[in-house]
Amino acid sequence: MIVNMSEAATEQEIQHVIERVREAGFDPHVTRGAERTIVAVIGSQGRRHELEALKAAAGVEDVVPIATPFKLVSRQTHPQRTVVEVGCVRIGAGEFVVIAGPCSVESLDQMLETARAVKRAGAVMLRGGAYKPRTSPYDFQGLGLEALEILDAARRETGLPVITEVMSTEDVDIICQHADMLQVGARNMQNFALLRRLAKLKMPVMLKRGPSATVKEWLLAAEYLLAGGNAQVVLCERGIKTFESEMMRNTLDLAAVALARELSHLPVIADPSHGTGRRSLIAPSSRAALAIGADGIIVEVHPCPERALSDGAQSLDLAGFHSLMRVIADPMPRIARHAC
Ligand code: PEP
Ligand code: MN
């Protein structure tokens, strides 16, 4: 349920409602907007009829059910958009944020060369996998701690905040000592133990959509983070499995970007690299993501993609990334007018 306070509600009236919600056995989550305050009532163990009675309390405009199963993620409980801050980068604040870097951290030279180049071209955050979720156990699994130290060096030199993937609860502490933002990869979207652990952190989290997850499942996974206390969450659409598997690795579901932004207040970015699996599709897909309202993109870039230890086929080289940044900044074409 949501208790919508009236615009004129006093602080005392808001506090009274919060106390009554607790007394009824629920957990109140308060959102203070510019105009009004909303008290979202979370939990299933309380006495619902006591909430309905709150309609009669001073300062309450109405008490309505939350229409979606993802309650704290829903825009109904938090009408203003969330801005996620990663160092000095603000995701969801209206500017299109470009995150770039290699799929995997492979060496200090590779990472520094990439970091310098993507920064020069306009990226504001650096990516690089230290612990890699690979389909085959025989493929490169990431350099682990050594990669985290390389990411530190790249941050020190460029000042770019760093995002890297966390696959397991065991690695959370060590990764937190080196990262500015944690990535929950597509394969771990429903790793509930991991989500519960990350919910307790102050660190921002990027939650990728699972390849077979519905938008509802994705938003419910995000709900784990918010319900556990971490509201610094960015959603990332990275392509889903469809019948197309031959020509594209995944199908980048851009409508889901718009839908997730419509249903939730969290920033949503797109990953055209994993979303398509093809270098040639990164620029058009990035432009489409921008047009559909994404808050940014995360893109794989490697100084020499043919030598990449993972995801070379979908990685841009440094010049390719530079031209991607130019393509994104191109103005959209004008709409034709009937002139004959
Ligand atoms: C990655 O970002 O390199 C990665 C493995 O992503 P995903 O979880 O989307 O496959
Ligand atoms: Mn990758």
# chains A, B, ... in the order shown; residues from 1 in each chain; ligands from 1
$ residues_near_ligand --ligand "ligand 2" --cutoff "12 Å" --atoms "only C-alpha atoms and all ligand atoms" --output "VMD selection string"
chain A and resid 100 to 105 127 to 135 140 to 142 164 to 165 183 185 to 186 238 249 271 to 278 298 to 302 305 308 to 316
$ select_by_dssp --residues "range 9-228 of chain A" --states "strand (DSSP E)" --output "ChimeraX atom specification"
/A:27-32,37-42,60-64,84-86,89-91,97-101,125-127,162-165,181-184,205-208
$ residues_around --residues "range 267-269 of chain A" --least-positions-apart "3" --cutoff "6 Å" --atoms "only C-alpha atoms" --output "MDAnalysis selection string"
chainID A and resid 92 234:236 294:297
$ atom_distance --atom1 "CA of Leu201 in chain A" --atom2 "CA of Ala147 in chain A"
21.9 Å
$ residues_around --residues "Leu259 in chain A" --least-positions-apart "4" --cutoff "12 Å" --atoms "only C-alpha atoms" --output "list in words"
Ser74, Arg75, Thr214, Val215, Lys216, Trp218, Leu219, Leu235, Glu237, Asp253, Leu254, Ala255, Leu263, Ser264, His265, Leu266, Pro267, Val268, Ile292, Gly293 and Ala294 of chain A
$ write_last_selection --atoms "N, CA, C and O atoms" --output "PDB file, in the first residue's frame"
ATOM      1  N   SER A  74       9.223   0.769  -7.958  1.00  0.00           N
ATOM      2  CA  SER A  74       8.152   1.353  -8.753  1.00  0.00           C
ATOM      3  C   SER A  74       8.150   2.880  -8.700  1.00  0.00           C
ATOM      4  O   SER A  74       8.417   3.485  -7.667  1.00  0.00           O
ATOM      5  N   ARG A  75       7.782   3.478  -9.810  1.00  0.00           N
ATOM      6  CA  ARG A  75       7.667   4.952  -9.832  1.00  0.00           C
ATOM      7  C   ARG A  75       6.493   5.430  -9.006  1.00  0.00           C
ATOM      8  O   ARG A  75       6.425   6.594  -8.629  1.00  0.00           O
ATOM      9  N   THR A 214      12.331 -11.846 -17.691  1.00  0.00           N
ATOM     10  CA  THR A 214      11.323 -10.865 -18.091  1.00  0.00           C
ATOM     11  C   THR A 214      11.658  -9.528 -17.405  1.00  0.00           C
ATOM     12  O   THR A 214      12.445  -9.489 -16.446  1.00  0.00           O
ATOM     13  N   VAL A 215      11.014  -8.485 -17.882  1.00  0.00           N
ATOM     14  CA  VAL A 215      11.243  -7.166 -17.259  1.00  0.00           C
ATOM     15  C   VAL A 215      10.779  -7.211 -15.798  1.00  0.00           C
ATOM     16  O   VAL A 215      11.438  -6.657 -14.903  1.00  0.00           O
ATOM     17  N   LYS A 216       9.705  -7.933 -15.537  1.00  0.00           N
ATOM     18  CA  LYS A 216       9.212  -8.030 -14.155  1.00  0.00           C
ATOM     19  C   LYS A 216      10.242  -8.725 -13.252  1.00  0.00           C
ATOM     20  O   LYS A 216      10.519  -8.262 -12.148  1.00  0.00           O
ATOM     21  N   TRP A 218      13.424  -8.862 -13.707  1.00  0.00           N
ATOM     22  CA  TRP A 218      14.573  -7.950 -13.587  1.00  0.00           C
ATOM     23  C   TRP A 218      14.291  -6.885 -12.504  1.00  0.00           C
ATOM     24  O   TRP A 218      15.108  -6.646 -11.625  1.00  0.00           O
ATOM     25  N   LEU A 219      13.095  -6.305 -12.565  1.00  0.00           N
ATOM     26  CA  LEU A 219      12.765  -5.266 -11.588  1.00  0.00           C
ATOM     27  C   LEU A 219      12.597  -5.871 -10.184  1.00  0.00           C
ATOM     28  O   LEU A 219      12.934  -5.225  -9.182  1.00  0.00           O
ATOM     29  N   LEU A 235      19.949  -0.035 -13.677  1.00  0.00           N
ATOM     30  CA  LEU A 235      19.569  -1.231 -14.439  1.00  0.00           C
ATOM     31  C   LEU A 235      20.309  -1.221 -15.765  1.00  0.00           C
ATOM     32  O   LEU A 235      20.552  -0.149 -16.332  1.00  0.00           O
ATOM     33  N   GLU A 237      20.222  -3.134 -19.564  1.00  0.00           N
ATOM     34  CA  GLU A 237      19.702  -4.083 -20.569  1.00  0.00           C
ATOM     35  C   GLU A 237      20.880  -4.538 -21.424  1.00  0.00           C
ATOM     36  O   GLU A 237      21.557  -3.713 -22.038  1.00  0.00           O
ATOM     37  N   ASP A 253      17.111  -5.597 -26.282  1.00  0.00           N
ATOM     38  CA  ASP A 253      15.684  -5.297 -26.125  1.00  0.00           C
ATOM     39  C   ASP A 253      15.539  -3.834 -25.697  1.00  0.00           C
ATOM     40  O   ASP A 253      15.395  -3.529 -24.518  1.00  0.00           O
ATOM     41  N   LEU A 254      15.571  -2.953 -26.696  1.00  0.00           N
ATOM     42  CA  LEU A 254      15.579  -1.529 -26.345  1.00  0.00           C
ATOM     43  C   LEU A 254      14.232  -1.056 -25.817  1.00  0.00           C
ATOM     44  O   LEU A 254      14.177  -0.123 -25.010  1.00  0.00           O
ATOM     45  N   ALA A 255      13.162  -1.703 -26.245  1.00  0.00           N
ATOM     46  CA  ALA A 255      11.855  -1.307 -25.698  1.00  0.00           C
ATOM     47  C   ALA A 255      11.840  -1.538 -24.188  1.00  0.00           C
ATOM     48  O   ALA A 255      11.190  -0.802 -23.433  1.00  0.00           O
ATOM     49  N   LEU A 263       8.363   2.139 -15.716  1.00  0.00           N
ATOM     50  CA  LEU A 263       7.848   1.459 -14.520  1.00  0.00           C
ATOM     51  C   LEU A 263       8.630   1.794 -13.260  1.00  0.00           C
ATOM     52  O   LEU A 263       8.109   1.681 -12.157  1.00  0.00           O
ATOM     53  N   SER A 264       9.914   2.150 -13.432  1.00  0.00           N
ATOM     54  CA  SER A 264      10.733   2.363 -12.242  1.00  0.00           C
ATOM     55  C   SER A 264      11.383   3.745 -12.278  1.00  0.00           C
ATOM     56  O   SER A 264      11.421   4.395 -13.313  1.00  0.00           O
ATOM     57  N   HIS A 265      11.889   4.144 -11.131  1.00  0.00           N
ATOM     58  CA  HIS A 265      12.559   5.452 -11.033  1.00  0.00           C
ATOM     59  C   HIS A 265      14.063   5.313 -11.180  1.00  0.00           C
ATOM     60  O   HIS A 265      14.797   6.297 -11.108  1.00  0.00           O
ATOM     61  N   LEU A 266      14.541   4.076 -11.382  1.00  0.00           N
ATOM     62  CA  LEU A 266      15.991   3.856 -11.445  1.00  0.00           C
ATOM     63  C   LEU A 266      16.533   4.219 -12.830  1.00  0.00           C
ATOM     64  O   LEU A 266      15.833   4.049 -13.832  1.00  0.00           O
ATOM     65  N   PRO A 267      17.784   4.669 -12.895  1.00  0.00           N
ATOM     66  CA  PRO A 267      18.392   4.891 -14.209  1.00  0.00           C
ATOM     67  C   PRO A 267      18.536   3.565 -14.949  1.00  0.00           C
ATOM     68  O   PRO A 267      18.721   2.519 -14.318  1.00  0.00           O
ATOM     69  N   VAL A 268      18.461   3.631 -16.276  1.00  0.00           N
ATOM     70  CA  VAL A 268      18.581   2.416 -17.096  1.00  0.00           C
ATOM     71  C   VAL A 268      19.591   2.692 -18.206  1.00  0.00           C
ATOM     72  O   VAL A 268      19.476   3.687 -18.919  1.00  0.00           O
ATOM     73  N   ILE A 292      15.949   6.233 -27.401  1.00  0.00           N
ATOM     74  CA  ILE A 292      14.813   5.653 -26.669  1.00  0.00           C
ATOM     75  C   ILE A 292      14.775   6.082 -25.207  1.00  0.00           C
ATOM     76  O   ILE A 292      13.832   5.776 -24.480  1.00  0.00           O
ATOM     77  N   GLY A 293      15.792   6.824 -24.798  1.00  0.00           N
ATOM     78  CA  GLY A 293      15.746   7.410 -23.449  1.00  0.00           C
ATOM     79  C   GLY A 293      16.689   6.786 -22.441  1.00  0.00           C
ATOM     80  O   GLY A 293      16.608   7.101 -21.243  1.00  0.00           O
ATOM     81  N   ALA A 294      17.593   5.915 -22.898  1.00  0.00           N
ATOM     82  CA  ALA A 294      18.549   5.310 -21.949  1.00  0.00           C
ATOM     83  C   ALA A 294      19.367   6.408 -21.264  1.00  0.00           C
ATOM     84  O   ALA A 294      19.610   7.469 -21.844  1.00  0.00           O
TER      85      ALA A 294
END
$ closest_residue --among "A:Ala336, A:Val73, A:Ile174, A:Val166" --to "Tyr224 in chain A" --atoms "only C-alpha atoms"
A:Val73
